[in-house]
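*Asks:* What follows is a structure written as structure tokens; I'll ask about it next.
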Amino acid sequence: MTTTLPHRGGRPPGERAELPYVGAPPSRPRAIRSRITGGVIGGHLLAAALTVPVAQVAAGHGWIALHLLLLGAATNAVFVFTRHFAAALLHVRPAGERAHVTRLAVLNGGVVLVLLGVSWPLPVFTGAGGTLVVAAVTGHVAALLGMRRRSLGGGRLRGVVHYYVAAGVALVAGGALGALMGTGWAGAWPTRTALHLAHVHLNLLGWVGLTVLGTGFMLWPAVLGTRMAEDAPAVARRVLLLAGPGLGVLTAGLLLERPAFAAAGLTAYTAAVAWSLVPVVRVARKAPPRTAPAVGLAAATGWLLVALVLDVVATLAGPGASTAVLADLVPVLGLGFVAQVLVAALTFLVPATAGGGPAGHRRLAARLQALGPARALLTNAGVALLALPLPEAARTLGWALAVTGLAAFVPLLLSGLLAARRPPAAEALPGPATSPRRDLLPAAVVLTVVAVLGWVLTGGSPAADRTAGGPTPGAVVVELGDTGIRPAVIDVPAGEHLVLDVRNVGAMRHDLRLADGRGTAMLAPGQSAVLDVGAVAGPLQAWCTVPGHRQAGMELTIRPAAAGGVAASGAAGAHHGAAGHGGAPAAGPGPEWRPHDPTLQPAPGGTVHEVDLPVVEADVEVAPGVRQRMWTFGGAVPGPALRGRVGDVFHVRLTNGGSLPHSVDFHASQVAPDVAMRSIEPGGELVYSFRADRAGAWLYHCGTVPVLQHVGMGMYGAVVIDPPDLSPVDRELLLVQSDVYLAGDDDLPGLAAMAAADYGVVAFNGYAGQYEHAPVEVRAGERLRAWVVAAGPNAGTAFHVVGAQFDTVYHEGAYRLRPGDGNAGGAQVLDLAPAQGGFVEFVLAEPGRYPFVSHRLADAARGASGLLVAG
């Protein structure tokens, strides 16, 4: 029941390797099926290689390339070879050939549906595809168990079959988790981050890892041309007893979000991998790896161990660190480990199963090992560049080297399988049927196609991707936000040469494509590219090609204008940018701009508070590139926040440093307006005293007629009076929302626009979209309280945090929702009319970027938006 592989390397006949196969030599029908299977695996590998350059211009295609490798090529290989190995190790024939072919068809149908479902996206396809994959693997595991039951004994390594069963169980679990994510399932537990981490580890370390671990006990001696170590069967049994439970503990720890628990399981798995190498090292001392399969297996094992050690450290640090590190490790594991193992195993096994006889075996083996050292060098040099913390250019080179080294195997495999179809008479001819030079021709052709396809798909343009840095000399900076482009309009003197410095300042992937087809590559967050538009002779439109983004406002208009300099501005009546705002002659905040710290400090000690409140007329930047005259309290918009407790007394000294009469109206007070709220002339002052009798988030503003104009010009702020039973939290924020009116020709906002509520931008704490330019950093898991005041003068707010739910809502002096009140519900919005205030409490359960907006989405598009970044 074994096939003795040809002796190589000049070793004594007594040390020949024996690798189990069913039948010797393989029958012609089985050889034909092996060639077909090899073609399917090669097709998945080729598709993955061709998809890598596409991933540079289309969001999500990196995921597709990875799954073509893992779910397509690797899974098909595991399906086919583990069935053969199990039959030989157990000394039984694999029953149900038709059922096996059916399972393979179901598997590949499921793979196609998963890829289509995620790409388009169609959750129904994703769920159906995941179900088919899980069903096919479940049937495969059942077939393995059926062979195990029929076996009356088996070889010394029959316990390896248990690795294959455990691997199948891991993929069933990992595939189920993947289907949950792909269909948009979300719940309080497990979180999406936990699902993702468990899914990746089960598939990589379970389905692929356990299969490779078990097969290695017999594959290593075979590729080295020697016998296995005497203790290999015993080590194999013990390693599985450590690796299997370790993977289970790791998965449970990830789903429960217990980092120490997960790291302990991953450490056990890592120790099992190291232990499995003990017999390998023992035989490798006698027969060092020299052939292409042996070198590939050695390199792949090294990358696996490196990745596992780094993964243990990251897992111990928590889900956030684990997610970030895993994103960097997936290319290392995918290319360095999985792809290299797959290429090495196919190089060694395909000739024996599809060669069709000794002559065909030699011919196919020679073809598959052509330029083996060079391919290995390219692959591992590329993986090393991907593994190290290097600039983006070095990582791009790493991708190119690794994919080139691995993709060169695909045409050798496919052409070899086609050549293996020759009739037996031709197979009897001695020596290789083709020269090494001819064998390399298909590889060269495919690699050329990959390179050209990558260049064409990136537009073949002079746009050069890079990590965003300083401005390109002579270029107009264009920023791509998540729902807008800033500036929205560029006026260029007719005939002038225009160069754009395009920067992705959003949280998603974007590109910029001109109507004539030229454009940038797809840019990851933080990346930028130079786009040479050329001489501008007529109007040009440009937009982001990601589906839905153009409709959301990601458009740019380039217009020829009269002689003069290049001018950038927002589109008439629309203010686009990182959240759909702007109207600016600049692409980002000015050099002197500093974000308003949203942190609300605790109430000071004591019960009496002395406050100086000067009126200052100042030039204030209210949106990127928009700087205008504002009337302010304290020189900033909003004015300083006051905080105290119920019963505290405030003595506010108002001094008028402006050019017009001004006053102040504290909604937190109960006083006669004609005395405390009287207007004072420029240079005058008054003391406004009041007792805070009631808790709440109160507005204060200038009360001088016309009040609409004074508030619209920036004269407002917030007073926070703590409720007596206010519970402690980890962090408090204060967000004062206002509608901002842009200056006209006289450098002041017009009262008519205010009366018509025709505001230009909407801002939290005085600057449109400032917390997109300077996100608020918090910690995952900490309890947050966000106080919100709607200053108006015309617009209220519907405050919402994307990805979070409020378990506490305090609105206009009363709790609407509070933990422990017997209500199991939650809230999604704090709705405030102009001059109202309140707070919400919530927890960001996992690391990530959480937008907060006014859910009056027209106002969010004008700048009422920001980001909470939970680390």
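Quick note on naming: the chains in the structure tokens go A, B, ... in the order shown, residues restart at 1 in each chain, and ligands are numbered from 1 in order of appearance.
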Neighbours of A:Thr301 within 12 Å (only C-alpha atoms; same-chain residues fewer than 5 positions away dropped), as a ChimeraX atom specification?
*Replies:* /A:209,212-213,216,220,270,273-274,276-277,280,294-296,306-308,332-333,335-341,344,380
*Asks:* Write out the residues from the selection above, keeping C-alpha atoms, as a CSV table (one decimal), in the first residue's frame.
*Replies:*
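Here's the written file part-v2.csv:
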```
chain,number,residue,atom,x,y,z
A,209,GLY,CA,-1.6,24.6,10.4
A,212,VAL,CA,0.8,20.7,7.7
A,213,LEU,CA,1.9,19.8,11.2
A,216,GLY,CA,5.2,17.0,8.2
A,220,TRP,CA,9.9,15.8,5.9
A,270,THR,CA,3.6,27.4,19.4
A,273,VAL,CA,5.0,23.4,16.5
A,274,ALA,CA,8.5,23.6,17.9
A,276,SER,CA,7.2,18.6,16.1
A,277,LEU,CA,10.5,19.7,14.6
A,280,VAL,CA,12.9,16.6,11.7
A,294,ALA,CA,13.0,20.7,1.3
A,295,VAL,CA,14.2,24.3,1.1
A,296,GLY,CA,10.7,25.5,0.7
A,306,VAL,CA,8.4,33.9,13.7
A,307,ALA,CA,4.8,34.8,13.1
A,308,LEU,CA,3.6,32.7,16.1
A,332,VAL,CA,3.9,36.7,6.2
A,333,LEU,CA,1.7,33.7,7.0
A,335,LEU,CA,3.0,34.0,1.5
A,336,GLY,CA,5.9,32.9,3.7
A,337,PHE,CA,4.1,29.9,5.3
A,338,VAL,CA,1.0,28.7,3.4
A,339,ALA,CA,2.0,29.5,-0.2
A,340,GLN,CA,5.6,28.1,0.3
A,341,VAL,CA,4.3,24.9,1.9
A,344,ALA,CA,6.9,22.7,-1.8
A,380,ASN,CA,11.8,34.9,1.1
```
*Asks:* Need the shell around A:Leu377: protein/DNA/RNA residues with any atom at most 12 Å away, counting only C-alpha atoms. Skip same-chain ones fewer than 3 positions apart. Format as a PyMOL selection string?
*Replies:* chain A and resi 292+295-296+299+336+340+371-374+380-384+398+401-406
*Asks:* Generate a file of the selected residues that holds C-alpha atoms, formatted as a PDB file, in the first residue's frame.
*Replies:*
```pdb
ATOM      1  CA  ALA A 292      13.521  22.823  -3.814  1.00  0.00           C
ATOM      2  CA  VAL A 295      14.223  24.326   1.149  1.00  0.00           C
ATOM      3  CA  GLY A 296      10.650  25.544   0.749  1.00  0.00           C
ATOM      4  CA  ALA A 299      11.679  28.434   5.003  1.00  0.00           C
ATOM      5  CA  GLY A 336       5.855  32.860   3.713  1.00  0.00           C
ATOM      6  CA  GLN A 340       5.566  28.139   0.327  1.00  0.00           C
ATOM      7  CA  LEU A 371      15.133  27.685 -10.965  1.00  0.00           C
ATOM      8  CA  GLY A 372      14.124  26.515  -7.469  1.00  0.00           C
ATOM      9  CA  PRO A 373      16.899  28.417  -5.593  1.00  0.00           C
ATOM     10  CA  ALA A 374      16.162  31.670  -7.434  1.00  0.00           C
ATOM     11  CA  ASN A 380      11.771  34.859   1.104  1.00  0.00           C
ATOM     12  CA  ALA A 381      13.424  38.196   0.405  1.00  0.00           C
ATOM     13  CA  GLY A 382       9.970  39.584  -0.352  1.00  0.00           C
ATOM     14  CA  VAL A 383       8.428  38.086   2.784  1.00  0.00           C
ATOM     15  CA  ALA A 384      11.276  39.553   4.855  1.00  0.00           C
ATOM     16  CA  GLY A 398       8.311  42.918  -0.900  1.00  0.00           C
ATOM     17  CA  LEU A 401       9.373  39.890  -5.000  1.00  0.00           C
ATOM     18  CA  ALA A 402       7.289  37.377  -3.051  1.00  0.00           C
ATOM     19  CA  VAL A 403       4.515  37.161  -5.625  1.00  0.00           C
ATOM     20  CA  THR A 404       7.057  36.868  -8.440  1.00  0.00           C
ATOM     21  CA  GLY A 405       8.877  34.007  -6.725  1.00  0.00           C
ATOM     22  CA  LEU A 406       5.677  32.138  -5.973  1.00  0.00           C
TER      23      LEU A 406
END
```
*Asks:* If you count only C-alpha atoms, which residues fall within 7 Å of stretch 729-734 of chain A, apart from same-chain ones fewer than 4 positions away, as a list in words?
*Replies:*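 Counting only C-alpha atoms, the residues come to Pro598, Thr599, Leu600, Glu782, Arg783, Leu784, Arg785, Ala786, Trp787 and Val788 of chain A.
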*Asks:* Go ahead and save the residues from that selection, with C-alpha atoms, as a PDB file, in the first residue's frame.
*Replies:*
```pdb
ATOM      1  CA  PRO A 598     -13.062  68.543  24.105  1.00  0.00           C
ATOM      2  CA  THR A 599     -12.111  67.202  27.536  1.00  0.00           C
ATOM      3  CA  LEU A 600     -14.393  68.534  30.272  1.00  0.00           C
ATOM      4  CA  GLU A 782     -13.513  52.904  29.386  1.00  0.00           C
ATOM      5  CA  ARG A 783     -16.780  54.577  30.310  1.00  0.00           C
ATOM      6  CA  LEU A 784     -17.340  57.876  28.518  1.00  0.00           C
ATOM      7  CA  ARG A 785     -19.724  60.738  29.244  1.00  0.00           C
ATOM      8  CA  ALA A 786     -20.361  63.205  26.435  1.00  0.00           C
ATOM      9  CA  TRP A 787     -22.058  66.460  27.434  1.00  0.00           C
ATOM     10  CA  VAL A 788     -23.723  68.084  24.422  1.00  0.00           C
TER      11      VAL A 788
END
```
*Asks:* Write out as a list in words the residues lying within 6 Å of stretch 104-120 of chain A, counting only C-alpha atoms and excluding same-chain residues fewer than 5 positions away.
*Replies:* Phe125, Thr126, Gly129, Leu132, Val133 and Ala136 of chain A
*Asks:* Need the shell around A:Val705: protein/DNA/RNA residues with any atom at most 10 Å away, counting only C-alpha atoms. Skip same-chain ones fewer than 5 positions apart. Format as an MDAnalysis selection string?
*Replies:* chainID A and resid 661:663 679 710
*Asks:* Go ahead and write the residues just picked, C-alpha atoms, as a PDB file, in the first residue's frame.
*Replies:*
```pdb
ATOM      1  CA  PRO A 661     -22.480  96.863  22.830  1.00  0.00           C
ATOM      2  CA  HIS A 662     -22.618  93.315  24.207  1.00  0.00           C
ATOM      3  CA  SER A 663     -24.125  91.379  27.107  1.00  0.00           C
ATOM      4  CA  SER A 679     -25.825  95.506  27.345  1.00  0.00           C
ATOM      5  CA  HIS A 710     -24.590  87.972  18.138  1.00  0.00           C
TER       6      HIS A 710
END
```
*Asks:* Measuring between only C-alpha atoms, which one of A:Ala400, A:Met181, A:Ala668, A:Ala752 shows the shortest distance to A:Val649?
*Replies:*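 Among A:Ala400, A:Met181, A:Ala668, A:Ala752, it is A:Ala668 that comes nearest to A:Val649.
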*Asks:* Restricting the calculation to only C-alpha atoms: of A:Gly495, A:Pro293, A:Gly302, A:Pro595, which residue gets closest to A:Ala370?
*Replies:*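 Closest residue, counting only C-alpha atoms: A:Pro293.
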*Asks:* May I have the residues within 7 Å of stretch 840-857 of chain A as JSON, numbers by chain, using only C-alpha atoms and disregarding those fewer than 4 positions away in the same chain?
*Replies:* {"A": [320, 780, 781, 782, 783, 784, 785, 786, 787, 797, 798, 799, 800, 801, 802, 803, 804, 805, 806, 807, 808, 809, 810, 861, 864, 865, 866, 867, 868, 869, 870, 871]}
*Asks:* Determine, counting only C-alpha atoms, which protein, DNA and RNA residues have an atom within 9 Å of an atom of A:Thr251; residues of the same chain fewer than 6 positions away are not included. Present the result as a list in words.
*Replies:*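 Residues near the query, excluding close chain neighbours: Leu197, Ala198, His199, His201, Leu202, Ala262, Gly265 and Leu266 of chain A.
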*Asks:* If I take atom CA of A:Ala272 and atom CA of A:Leu242, how far is one from the other in Å, to one decimal?
*Replies:*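 Distance reported for this atom pair: 5.9 Å.
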*Asks:* For A:Ala695, which residue among A:Val546, A:Leu748, A:Val719, A:Leu735 is the nearest when counting only C-alpha atoms?
*Replies:* A:Val719
